[in-house]
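Okay, so here's the structure we're looking at.
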Amino acid sequence: MPESKLHKGDYVKFQLGTRPVHGLVREDRGAIGINGRHLYLVEFHAEPTSPHQVELPAEEMEVLTEADPVVGKLIRMNKDLEQVKHRRVGVSGAWEILNKFISKIERLNNDERASDFAINAKIQELKHALPRLNTGSRGAVSYPNIHGIRQFQDALNLIIQATEPQEA
Amino acid sequence: MSSNSLAKWKGERTDALDEIENAHTVVGGTARGRRYATQQINYSYAALLSSHFQGFCRDLHSECVDRIVAAMPLKFQAFLRAEFLLNRALDKGNPHPGAVGSDFDRLGLHFWPNVKHLNAGNARRSQLLQELIDWRNAIAHQDFGPVGGDPTLHLKKVRAWRRALGKLALEFDQTMCNHLAVLLGAPPW
């Protein structure tokens, strides 16, 4: 049986007709394709509204790596968020990562490959959400709550998908 | 030959259902509370059966789409795949006969009439599928009014549903094999 080549959470690029798009692997659907090849459920944003999904074999996708100048920065930022999510950094380190996240995204927003519609809205949303991630009472600083980290990761996924892919 | 989806149904999905069937056997004896425990296992068994049958139908649909789309020019493939998945009922809700029919009908056939034509018993099996879904919803919402008001679910009933769904899985596989053979010019499996 063919082995799984991609994993949940991988960022990928594929052709949608004549247009290259970015997507996020949401699920390995298993060896259900032709000749037992794996199909992967990929989420992508073809438009500013709700995400679309497609099931693709690995050979129709290219995994995005840190070599890409814009996407690479975003992938590294996701790794930082993973550190917070799994509590591998202290409380102050976690808050530093989240604060830097917003300013890094704002700087990236000036990149001409980024689509403003998604990013501007998300930056505002995250700025509003940030103070609510501290659940410590009487001014104490607590570890950012897990729901909030997921919100940051969802925003990052949207931004990566909205970033204009470079033509091959 | 059978589809990869049917192989998965007969393999890992059957194993998972057998495990819960075995759990029912393990909770034996005559001690107080046994009836309550087996009742909860029967509820879990019914819910798991529904979810695995949904998984099978979703797998079979995806497998058929993969076959159909592979016959198209490469540039059309990704967006056709996306169109076939758009608002797929099996991704969101229960695998009730209406949802199964509407998703498979989009692949160019009258799904249920074809399934029922294969075997006269399939009409009754589709009713049993609907009955299972009604129970699954009753269990999930703890509202047993729609299934007659009595919350007692016997193992015998769950086993009857499982037999019916096992047969339906074979018939779905055969129906789609026949349809794709006409559409693509050769049997897909």
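Following the order of the structure tokens, chains are lettered A, B, ..., residues in each are numbered from 1, and ligands are numbered from 1.
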At most 12 Å to chain A: residues in chain B, only C-alpha atoms, as an NGL selection string: :B and (2-9 or 12 or 55-71 or 73-88 or 91 or 188-189)
Please produce an output containing N, CA and C atoms for each residue in the selection, written as a compact mmCIF listing (two decimals), in the first residue's frame.
# COMPACT_ATOMS: atom_id res chain seq x y z
N SER B 2 -12.74 -5.10 -5.50
CA SER B 2 -13.66 -4.12 -4.90
C SER B 2 -12.95 -2.77 -4.79
N SER B 3 -13.70 -1.76 -4.47
CA SER B 3 -13.10 -0.42 -4.31
C SER B 3 -12.18 -0.42 -3.07
N ASN B 4 -11.28 0.57 -3.04
CA ASN B 4 -10.42 0.73 -1.85
C ASN B 4 -11.27 1.08 -0.64
N SER B 5 -12.37 1.79 -0.89
CA SER B 5 -13.25 2.20 0.20
C SER B 5 -13.93 0.99 0.83
N LEU B 6 -14.34 0.04 -0.01
CA LEU B 6 -14.98 -1.17 0.53
C LEU B 6 -13.96 -2.01 1.30
N ALA B 7 -12.72 -2.06 0.77
CA ALA B 7 -11.66 -2.80 1.47
C ALA B 7 -11.45 -2.21 2.87
N LYS B 8 -11.48 -0.86 2.95
CA LYS B 8 -11.30 -0.18 4.24
C LYS B 8 -12.50 -0.48 5.17
N TRP B 9 -13.70 -0.52 4.58
CA TRP B 9 -14.90 -0.86 5.37
C TRP B 9 -14.78 -2.27 5.95
N GLU B 12 -10.37 -2.00 8.52
CA GLU B 12 -10.25 -1.23 9.77
C GLU B 12 -11.60 -0.80 10.35
N GLY B 55 -18.29 7.46 6.96
CA GLY B 55 -16.90 7.45 6.48
C GLY B 55 -16.77 6.62 5.21
N PHE B 56 -17.43 5.47 5.19
CA PHE B 56 -17.37 4.61 4.00
C PHE B 56 -17.98 5.34 2.79
N CYS B 57 -19.16 5.93 2.98
CA CYS B 57 -19.84 6.62 1.86
C CYS B 57 -19.00 7.78 1.34
N ARG B 58 -18.39 8.51 2.29
CA ARG B 58 -17.55 9.65 1.92
C ARG B 58 -16.32 9.16 1.15
N ASP B 59 -15.71 8.07 1.63
CA ASP B 59 -14.55 7.49 0.95
C ASP B 59 -14.92 7.06 -0.47
N LEU B 60 -16.06 6.36 -0.59
CA LEU B 60 -16.46 5.85 -1.91
C LEU B 60 -16.73 7.00 -2.87
N HIS B 61 -17.36 8.05 -2.36
CA HIS B 61 -17.62 9.23 -3.19
C HIS B 61 -16.30 9.83 -3.67
N SER B 62 -15.35 9.99 -2.75
CA SER B 62 -14.04 10.57 -3.11
C SER B 62 -13.31 9.68 -4.11
N GLU B 63 -13.41 8.38 -3.91
CA GLU B 63 -12.72 7.44 -4.81
C GLU B 63 -13.32 7.54 -6.22
N CYS B 64 -14.63 7.64 -6.31
CA CYS B 64 -15.28 7.76 -7.61
C CYS B 64 -14.90 9.08 -8.28
N VAL B 65 -14.86 10.16 -7.49
CA VAL B 65 -14.46 11.46 -8.05
C VAL B 65 -13.03 11.36 -8.59
N ASP B 66 -12.15 10.69 -7.85
CA ASP B 66 -10.76 10.54 -8.29
C ASP B 66 -10.71 9.83 -9.65
N ARG B 67 -11.55 8.81 -9.82
CA ARG B 67 -11.61 8.06 -11.09
C ARG B 67 -12.14 8.95 -12.22
N ILE B 68 -13.22 9.65 -11.95
CA ILE B 68 -13.85 10.48 -13.00
C ILE B 68 -12.91 11.60 -13.42
N VAL B 69 -12.34 12.28 -12.43
CA VAL B 69 -11.51 13.45 -12.71
C VAL B 69 -10.22 13.04 -13.43
N ALA B 70 -9.72 11.84 -13.14
CA ALA B 70 -8.48 11.38 -13.81
C ALA B 70 -8.68 11.24 -15.31
N ALA B 71 -9.93 11.13 -15.77
CA ALA B 71 -10.20 11.00 -17.21
C ALA B 71 -10.25 12.37 -17.90
N PRO B 73 -8.69 16.38 -18.82
CA PRO B 73 -7.39 17.02 -19.02
C PRO B 73 -6.86 17.59 -17.69
N LEU B 74 -5.56 17.54 -17.50
CA LEU B 74 -4.93 17.89 -16.23
C LEU B 74 -5.37 19.26 -15.69
N LYS B 75 -5.47 20.25 -16.59
CA LYS B 75 -5.79 21.61 -16.13
C LYS B 75 -7.19 21.72 -15.54
N PHE B 76 -8.07 20.79 -15.90
CA PHE B 76 -9.44 20.85 -15.38
C PHE B 76 -9.57 20.16 -14.02
N GLN B 77 -8.58 19.34 -13.70
CA GLN B 77 -8.79 18.38 -12.61
C GLN B 77 -9.03 19.02 -11.23
N ALA B 78 -8.15 19.94 -10.82
CA ALA B 78 -8.25 20.46 -9.45
C ALA B 78 -9.57 21.19 -9.21
N PHE B 79 -9.98 22.04 -10.16
CA PHE B 79 -11.22 22.78 -9.87
C PHE B 79 -12.45 21.89 -10.01
N LEU B 80 -12.36 20.84 -10.85
CA LEU B 80 -13.48 19.89 -10.89
C LEU B 80 -13.59 19.13 -9.57
N ARG B 81 -12.44 18.77 -9.03
CA ARG B 81 -12.43 18.09 -7.72
C ARG B 81 -13.08 19.00 -6.67
N ALA B 82 -12.71 20.28 -6.69
CA ALA B 82 -13.26 21.23 -5.71
C ALA B 82 -14.77 21.35 -5.90
N GLU B 83 -15.23 21.38 -7.16
CA GLU B 83 -16.68 21.50 -7.41
C GLU B 83 -17.43 20.28 -6.88
N PHE B 84 -16.87 19.10 -7.07
CA PHE B 84 -17.55 17.88 -6.58
C PHE B 84 -17.66 17.87 -5.05
N LEU B 85 -16.70 18.54 -4.40
CA LEU B 85 -16.72 18.55 -2.92
C LEU B 85 -17.58 19.66 -2.33
N LEU B 86 -17.86 20.67 -3.16
CA LEU B 86 -18.58 21.84 -2.67
C LEU B 86 -19.96 21.41 -2.12
N ASN B 87 -20.19 21.75 -0.85
CA ASN B 87 -21.47 21.43 -0.18
C ASN B 87 -21.80 19.94 -0.19
N ARG B 88 -20.78 19.10 -0.15
CA ARG B 88 -21.05 17.66 -0.08
C ARG B 88 -21.74 17.36 1.25
N ASP B 91 -20.00 15.42 4.12
CA ASP B 91 -18.95 16.07 4.91
C ASP B 91 -19.53 16.75 6.14
N PRO B 188 -13.83 0.17 -12.99
CA PRO B 188 -12.75 0.87 -12.24
C PRO B 188 -12.05 -0.04 -11.24
N TRP B 189 -12.73 -1.12 -10.80
CA TRP B 189 -12.12 -2.06 -9.86
C TRP B 189 -12.68 -3.44 -10.07
Who sits within 9 Å of Ile75 (chain A), only C-alpha atoms, same chain under 3 positions skipped, as a PyMOL selection string: chain A and resi 11+64-66+70-72+78-80+156+160
I need the chosen residues saved as an mmCIF file, in the first residue's frame, with C-alpha atoms.
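Written output follows (result.cif):
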data_model
loop_
_atom_site.group_PDB
_atom_site.id
_atom_site.type_symbol
_atom_site.label_atom_id
_atom_site.label_comp_id
_atom_site.auth_asym_id
_atom_site.auth_seq_id
_atom_site.Cartn_x
_atom_site.Cartn_y
_atom_site.Cartn_z
ATOM 1 C CA TYR A 11 1.323 24.046 3.528
ATOM 2 C CA LEU A 64 5.784 24.879 0.636
ATOM 3 C CA THR A 65 9.053 25.192 2.455
ATOM 4 C CA GLU A 66 10.923 27.883 4.295
ATOM 5 C CA VAL A 70 7.332 35.244 2.158
ATOM 6 C CA VAL A 71 5.770 31.902 3.007
ATOM 7 C CA GLY A 72 8.991 30.839 4.729
ATOM 8 C CA ASN A 78 3.759 29.087 12.886
ATOM 9 C CA LYS A 79 6.601 27.129 14.465
ATOM 10 C CA ASP A 80 6.865 29.853 17.116
ATOM 11 C CA LEU A 156 -1.862 32.541 9.928
ATOM 12 C CA ILE A 160 -0.666 31.943 3.941
#
Distance query region 123-131 of chain B at most 9 Å, only C-alpha atoms, self and fewer than 6 positions along chain excluded, as a PyMOL selection string: chain B and resi 50+95-97+112+115-116+147+160-161+164-165+167-168
Could you please take those selected residues and save N, CA and C atoms as a PDB file, in the first residue's frame?
ATOM      1  N   SER B  50     -23.033   4.445  12.656  1.00  0.00           N
ATOM      2  CA  SER B  50     -23.442   5.546  11.787  1.00  0.00           C
ATOM      3  C   SER B  50     -22.220   6.310  11.277  1.00  0.00           C
ATOM      4  N   PRO B  95     -25.280  10.222   7.374  1.00  0.00           N
ATOM      5  CA  PRO B  95     -25.421   9.562   6.068  1.00  0.00           C
ATOM      6  C   PRO B  95     -26.845   9.036   5.855  1.00  0.00           C
ATOM      7  N   HIS B  96     -27.841   9.899   6.023  1.00  0.00           N
ATOM      8  CA  HIS B  96     -29.213   9.431   5.796  1.00  0.00           C
ATOM      9  C   HIS B  96     -29.415   9.220   4.293  1.00  0.00           C
ATOM     10  N   PRO B  97     -30.385   8.413   3.917  1.00  0.00           N
ATOM     11  CA  PRO B  97     -30.525   8.063   2.494  1.00  0.00           C
ATOM     12  C   PRO B  97     -30.588   9.286   1.570  1.00  0.00           C
ATOM     13  N   TRP B 112     -30.173   5.898  -5.851  1.00  0.00           N
ATOM     14  CA  TRP B 112     -31.028   4.943  -5.120  1.00  0.00           C
ATOM     15  C   TRP B 112     -31.819   4.032  -6.048  1.00  0.00           C
ATOM     16  N   VAL B 115     -29.465   1.351  -6.939  1.00  0.00           N
ATOM     17  CA  VAL B 115     -29.173   0.449  -5.810  1.00  0.00           C
ATOM     18  C   VAL B 115     -30.357  -0.493  -5.596  1.00  0.00           C
ATOM     19  N   LYS B 116     -31.552   0.057  -5.645  1.00  0.00           N
ATOM     20  CA  LYS B 116     -32.749  -0.763  -5.412  1.00  0.00           C
ATOM     21  C   LYS B 116     -32.974  -1.746  -6.556  1.00  0.00           C
ATOM     22  N   VAL B 147     -38.123   8.491  18.071  1.00  0.00           N
ATOM     23  CA  VAL B 147     -37.997   7.036  17.857  1.00  0.00           C
ATOM     24  C   VAL B 147     -39.021   6.281  18.721  1.00  0.00           C
ATOM     25  N   ALA B 160     -28.839  -5.844  13.646  1.00  0.00           N
ATOM     26  CA  ALA B 160     -29.647  -5.870  12.408  1.00  0.00           C
ATOM     27  C   ALA B 160     -29.268  -4.692  11.511  1.00  0.00           C
ATOM     28  N   TRP B 161     -29.056  -3.516  12.121  1.00  0.00           N
ATOM     29  CA  TRP B 161     -28.616  -2.354  11.343  1.00  0.00           C
ATOM     30  C   TRP B 161     -27.259  -2.637  10.700  1.00  0.00           C
ATOM     31  N   ALA B 164     -27.541  -4.867   7.717  1.00  0.00           N
ATOM     32  CA  ALA B 164     -28.135  -4.136   6.583  1.00  0.00           C
ATOM     33  C   ALA B 164     -27.102  -3.207   5.940  1.00  0.00           C
ATOM     34  N   LEU B 165     -26.326  -2.505   6.785  1.00  0.00           N
ATOM     35  CA  LEU B 165     -25.331  -1.563   6.252  1.00  0.00           C
ATOM     36  C   LEU B 165     -24.174  -2.303   5.575  1.00  0.00           C
ATOM     37  N   LYS B 167     -24.452  -5.034   3.915  1.00  0.00           N
ATOM     38  CA  LYS B 167     -24.973  -5.403   2.592  1.00  0.00           C
ATOM     39  C   LYS B 167     -25.068  -4.170   1.689  1.00  0.00           C
ATOM     40  N   LEU B 168     -25.519  -3.051   2.277  1.00  0.00           N
ATOM     41  CA  LEU B 168     -25.613  -1.816   1.474  1.00  0.00           C
ATOM     42  C   LEU B 168     -24.235  -1.377   0.977  1.00  0.00           C
TER      43      LEU B 168
END
Distance of CA of Ile105 (chain A) from CA of Lys13 (chain A), expressed in Å to one decimal place: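 If I compute the distance from CA of Lys13 (chain A) to CA of Ile105 (chain A), I get 20.6 Å.
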Secondary structure check, helix (DSSP H, G or I) residues of chain A, as number ranges by chain: A: 34-36, 58-60, 69-85, 91-108, 116-133, 146-162
Atom pair CA of Lys8 (chain A) / CA of Ile159 (chain A): separation (Å): 17.7 Å
